>>> print(open('model-v3.pdb').read())   # PDB, C-alpha atoms
MODEL        1
ATOM      1  CA  MET A   1       0.000   0.000   0.000
ATOM      2  CA  SER A   2       1.315   3.418  -0.911
ATOM      3  CA  ALA A   3       2.175   5.899   1.813
ATOM      4  CA  ALA A   4       0.035   8.392  -0.128
ATOM      5  CA  ALA A   5      -3.137   6.344   0.320
ATOM      6  CA  THR A   6      -6.261   8.432   0.595
ATOM      7  CA  ALA A   7      -7.952   8.709   4.003
ATOM      8  CA  PRO A   8     -11.301   6.892   4.375
ATOM      9  CA  GLU A   9     -13.012  10.173   5.314
ATOM     10  CA  GLN A  10     -11.865  11.785   2.054
ATOM     11  CA  ILE A  11     -13.082   8.790   0.061
ATOM     12  CA  ARG A  12     -16.439   8.800   1.893
ATOM     13  CA  ALA A  13     -16.854  12.533   1.197
ATOM     14  CA  THR A  14     -16.763  11.788  -2.542
ATOM     15  CA  ALA A  15     -20.330  10.443  -2.356
ATOM     16  CA  GLN A  16     -21.781  13.740  -1.116
ATOM     17  CA  SER A  17     -19.560  15.812  -3.422
ATOM     18  CA  TYR A  18     -20.737  13.745  -6.391
ATOM     19  CA  VAL A  19     -24.435  14.037  -5.510
ATOM     20  CA  ASP A  20     -24.092  17.772  -4.770
ATOM     21  CA  ALA A  21     -22.432  18.344  -8.164
ATOM     22  CA  LEU A  22     -25.191  16.437  -9.977
ATOM     23  CA  VAL A  23     -27.936  18.387  -8.199
ATOM     24  CA  ALA A  24     -26.172  21.689  -8.941
ATOM     25  CA  GLY A  25     -25.750  20.707 -12.599
ATOM     26  CA  ASP A  26     -22.029  21.456 -12.146
ATOM     27  CA  LEU A  27     -20.170  19.490 -14.833
ATOM     28  CA  GLU A  28     -16.780  20.872 -13.759
ATOM     29  CA  ALA A  29     -17.322  19.736 -10.155
ATOM     30  CA  VAL A  30     -18.202  16.240 -11.379
ATOM     31  CA  MET A  31     -15.129  16.135 -13.613
ATOM     32  CA  ALA A  32     -12.884  17.293 -10.747
ATOM     33  CA  LEU A  33     -13.679  14.035  -8.925
ATOM     34  CA  TYR A  34     -12.271  11.859 -11.723
ATOM     35  CA  ALA A  35      -8.735  10.917 -12.746
ATOM     36  CA  ASP A  36      -7.921  11.753 -16.389
ATOM     37  CA  ASP A  37      -7.817   8.067 -17.357
ATOM     38  CA  ALA A  38     -10.901   7.002 -15.385
ATOM     39  CA  THR A  39     -13.715   4.772 -16.599
ATOM     40  CA  VAL A  40     -17.468   5.112 -16.030
ATOM     41  CA  GLU A  41     -19.991   2.323 -16.591
ATOM     42  CA  ASP A  42     -23.530   3.572 -15.958
ATOM     43  CA  PRO A  43     -25.443   1.328 -15.764
ATOM     44  CA  VAL A  44     -23.333  -1.787 -15.304
ATOM     45  CA  GLY A  45     -24.189  -4.171 -18.106
ATOM     46  CA  GLY A  46     -25.547  -1.353 -20.254
ATOM     47  CA  GLY A  47     -22.985  -2.017 -22.958
ATOM     48  CA  THR A  48     -21.009   1.222 -22.755
ATOM     49  CA  VAL A  49     -17.913   2.002 -20.713
ATOM     50  CA  HIS A  50     -16.866   5.643 -20.970
ATOM     51  CA  GLU A  51     -13.059   5.760 -20.955
ATOM     52  CA  GLY A  52     -11.019   8.910 -20.325
ATOM     53  CA  ALA A  53     -11.917  12.485 -19.500
ATOM     54  CA  GLU A  54     -13.415  13.370 -22.896
ATOM     55  CA  ALA A  55     -15.844  10.427 -22.923
ATOM     56  CA  ILE A  56     -16.753  10.943 -19.269
ATOM     57  CA  ARG A  57     -17.375  14.662 -19.880
ATOM     58  CA  ALA A  58     -19.687  13.827 -22.804
ATOM     59  CA  PHE A  59     -21.648  11.368 -20.630
ATOM     60  CA  TYR A  60     -22.057  13.740 -17.682
ATOM     61  CA  SER A  61     -22.890  16.746 -19.873
ATOM     62  CA  THR A  62     -26.276  15.130 -20.514
ATOM     63  CA  VAL A  63     -26.764  14.220 -16.845
ATOM     64  CA  THR A  64     -25.878  17.661 -15.464
ATOM     65  CA  ALA A  65     -28.281  19.292 -17.950
ATOM     66  CA  LEU A  66     -31.214  17.592 -16.188
ATOM     67  CA  LYS A  67     -33.180  19.066 -13.282
ATOM     68  CA  ILE A  68     -32.580  16.593 -10.481
ATOM     69  CA  GLU A  69     -32.633  16.164  -6.759
ATOM     70  CA  ALA A  70     -30.715  13.445  -4.952
ATOM     71  CA  LYS A  71     -29.681  12.242  -1.541
ATOM     72  CA  VAL A  72     -27.031   9.861  -0.262
ATOM     73  CA  LEU A  73     -28.616   7.042   1.748
ATOM     74  CA  GLU A  74     -25.623   4.917   2.797
ATOM     75  CA  THR A  75     -21.849   4.793   2.304
ATOM     76  CA  ARG A  76     -19.185   2.146   2.845
ATOM     77  CA  VAL A  77     -15.445   2.564   2.439
ATOM     78  CA  CYS A  78     -13.164  -0.457   2.088
ATOM     79  CA  GLY A  79      -9.580   0.451   1.212
ATOM     80  CA  ASN A  80      -9.787   2.790  -1.774
ATOM     81  CA  ASP A  81     -13.287   1.627  -2.720
ATOM     82  CA  LEU A  82     -16.408   3.635  -1.986
ATOM     83  CA  LEU A  83     -19.745   1.870  -2.268
ATOM     84  CA  PHE A  84     -22.706   4.156  -1.810
ATOM     85  CA  ASN A  85     -26.433   4.049  -2.214
ATOM     86  CA  PHE A  86     -28.342   7.119  -3.323
ATOM     87  CA  GLU A  87     -31.688   8.101  -4.689
ATOM     88  CA  ILE A  88     -31.918  10.448  -7.652
ATOM     89  CA  THR A  89     -35.112  12.034  -8.944
ATOM     90  CA  THR A  90     -35.211  13.563 -12.409
ATOM     91  CA  HIS A  91     -37.882  16.186 -13.107
ATOM     92  CA  PHE A  92     -39.145  16.470 -16.674
ATOM     93  CA  ASP A  93     -41.059  19.189 -18.505
ATOM     94  CA  GLY A  94     -44.769  18.818 -17.885
ATOM     95  CA  GLY A  95     -44.357  17.873 -14.229
ATOM     96  CA  SER A  96     -43.491  14.194 -14.550
ATOM     97  CA  LYS A  97     -40.568  12.705 -12.690
ATOM     98  CA  ALA A  98     -38.629   9.468 -12.315
ATOM     99  CA  THR A  99     -36.797   8.278  -9.206
ATOM    100  CA  ILE A 100     -33.996   5.717  -9.317
ATOM    101  CA  ASN A 101     -32.314   3.973  -6.398
ATOM    102  CA  VAL A 102     -28.656   3.469  -7.374
ATOM    103  CA  TRP A 103     -25.587   1.818  -5.875
ATOM    104  CA  ASP A 104     -22.325   3.312  -7.174
ATOM    105  CA  LEU A 105     -18.932   1.701  -6.719
ATOM    106  CA  MET A 106     -16.121   4.237  -7.040
ATOM    107  CA  VAL A 107     -12.504   3.078  -6.896
ATOM    108  CA  HIS A 108     -10.093   5.844  -5.899
ATOM    109  CA  ASP A 109      -6.442   6.195  -6.828
ATOM    110  CA  ASP A 110      -3.776   7.210  -4.294
ATOM    111  CA  GLU A 111      -4.386  10.902  -5.114
ATOM    112  CA  GLY A 112      -8.021  10.571  -4.086
ATOM    113  CA  LYS A 113      -9.398  10.790  -7.631
ATOM    114  CA  VAL A 114     -12.006   8.340  -8.895
ATOM    115  CA  SER A 115     -10.330   5.920 -11.305
ATOM    116  CA  SER A 116     -13.395   3.759 -11.910
ATOM    117  CA  MET A 117     -17.121   4.250 -11.356
ATOM    118  CA  ARG A 118     -19.712   1.537 -11.883
ATOM    119  CA  ALA A 119     -23.400   2.328 -11.324
ATOM    120  CA  TYR A 120     -25.691  -0.536 -10.376
ATOM    121  CA  TRP A 121     -29.327   0.026 -11.311
ATOM    122  CA  THR A 122     -31.927  -1.404 -13.661
ATOM    123  CA  PRO A 123     -35.429  -0.316 -14.665
ATOM    124  CA  GLU A 124     -36.766  -2.333 -11.708
ATOM    125  CA  ASN A 125     -35.047   0.233  -9.440
ATOM    126  CA  MET A 126     -37.109   3.079 -10.936
ATOM    127  CA  SER A 127     -40.373   4.496  -9.671
TER     128      SER A 127
ENDMDL
END
>>> encode(input="model-v3.pdb", output="structure tokens")
Amino acid sequence: MSAAATAPEQIRATAQSYVDALVAGDLEAVMALYADDATVEDPVGGGTVHEGAEAIRAFYSTVTALKIEAKVLETRVCGNDLLFNFEITTHFDGGSKATINVWDLMVHDDEGKVSSMRAYWTPENMS
């Protein structure tokens, strides 16, 4: 293990920082969480893994354009891994909305940046 390992509290804080950035629609704040060579798979099994900053930026540019609210429900830190459960509600024009319960697994590098994010949700997790 590297002497520069990230503290569990810093890793845990990523969950709230991530959710806050999504709610604020702040693409730059989302991108600041990720390492340049990170990967994002959202949802897991969806067929697309976004690799590198450019692909991740393109993915999150659509997410941060939405009007959403979200809250972190539970977090667990094991080593450099952060597993957290959150609920995100997207509001659409016309008053409709969709809520998804998601588990994200974020692996952090020794600088505290997210090197891999995998989001676990399926349509059965939507209401």
>>> resolve_selection(input="model-v3.pdb", expression="the PyMOL selection byres ((chain A and resi 56) around 10)", output="count of residues only")
21
>>> atom_distance(input="model-v3.pdb", atom1="atom CA of A:Val107", atom2="atom CA of A:Glu9")
14.1 Å
>>> residues_near_point(input="model-v3.pdb", point="(-31.8, 14.4, -6.1)", cutoff="6 Å", atoms="only C-alpha atoms", output="ChimeraX atom specification")
/A:23,68-71,88-89
>>> write_last_selection(input="model-v3.pdb", atoms="C-alpha atoms", output="compact mmCIF listing (two decimals), keeping the file's coordinate frame")
# COMPACT_ATOMS: atom_id res chain seq x y z
CA VAL A 23 -27.94 18.39 -8.20
CA ILE A 68 -32.58 16.59 -10.48
CA GLU A 69 -32.63 16.16 -6.76
CA ALA A 70 -30.72 13.44 -4.95
CA LYS A 71 -29.68 12.24 -1.54
CA ILE A 88 -31.92 10.45 -7.65
CA THR A 89 -35.11 12.03 -8.94
>>> closest_residue(input="model-v3.pdb", among="A:Val102, A:Ala65, A:Ile11, A:Val114", to="A:Val44", atoms="all atoms listed in the file")
A:Val102
>>> resolve_selection(input="model-v3.pdb", expression="the PyMOL selection byres ((chain A and resi 117) around 6)", output="PyMOL selection string")
chain A and resi 40+105-106+116+118
>>> write_last_selection(input="model-v3.pdb", atoms="C-alpha atoms", output="PDB file, keeping the file's coordinate frame")
ATOM      1  CA  VAL A  40     -17.468   5.112 -16.030  1.00  0.00           C
ATOM      2  CA  LEU A 105     -18.932   1.701  -6.719  1.00  0.00           C
ATOM      3  CA  MET A 106     -16.121   4.237  -7.040  1.00  0.00           C
ATOM      4  CA  SER A 116     -13.395   3.759 -11.910  1.00  0.00           C
ATOM      5  CA  ARG A 118     -19.712   1.537 -11.883  1.00  0.00           C
TER       6      ARG A 118
END
>>> atom_distance(input="model-v3.pdb", atom1="atom CA of A:Leu82", atom2="atom CA of A:Asp104")
7.9 Å
>>> atom_distance(input="model-v3.pdb", atom1="atom CA of A:Glu28", atom2="atom CA of A:Val63")
12.4 Å
>>> residues_around(input="model-v3.pdb", residues="A:Leu66", least_positions_apart="6", cutoff="8 Å", atoms="all atoms listed in the file", output="list in words")
Gly25, Thr90 and His91 of chain A
>>> residues_near_point(input="model-v3.pdb", point="(-23.5, 12.1, -0.5)", cutoff="12 Å", atoms="only C-alpha atoms", output="PyMOL selection string")
chain A and resi 10-23+69-76+82-88+103-104
>>> resolve_selection(input="model-v3.pdb", expression="the PyMOL selection byres ((chain A and resi 122) around 10)", output="number ranges by chain")
A: 43-46, 100-102, 119-121, 123-126
>>> residues_around(input="model-v3.pdb", residues="A:Pro8", least_positions_apart="5", cutoff="8 Å", atoms="all atoms listed in the file", output="list in words")
Val77, Cys78, Gly79 and Asn80 of chain A
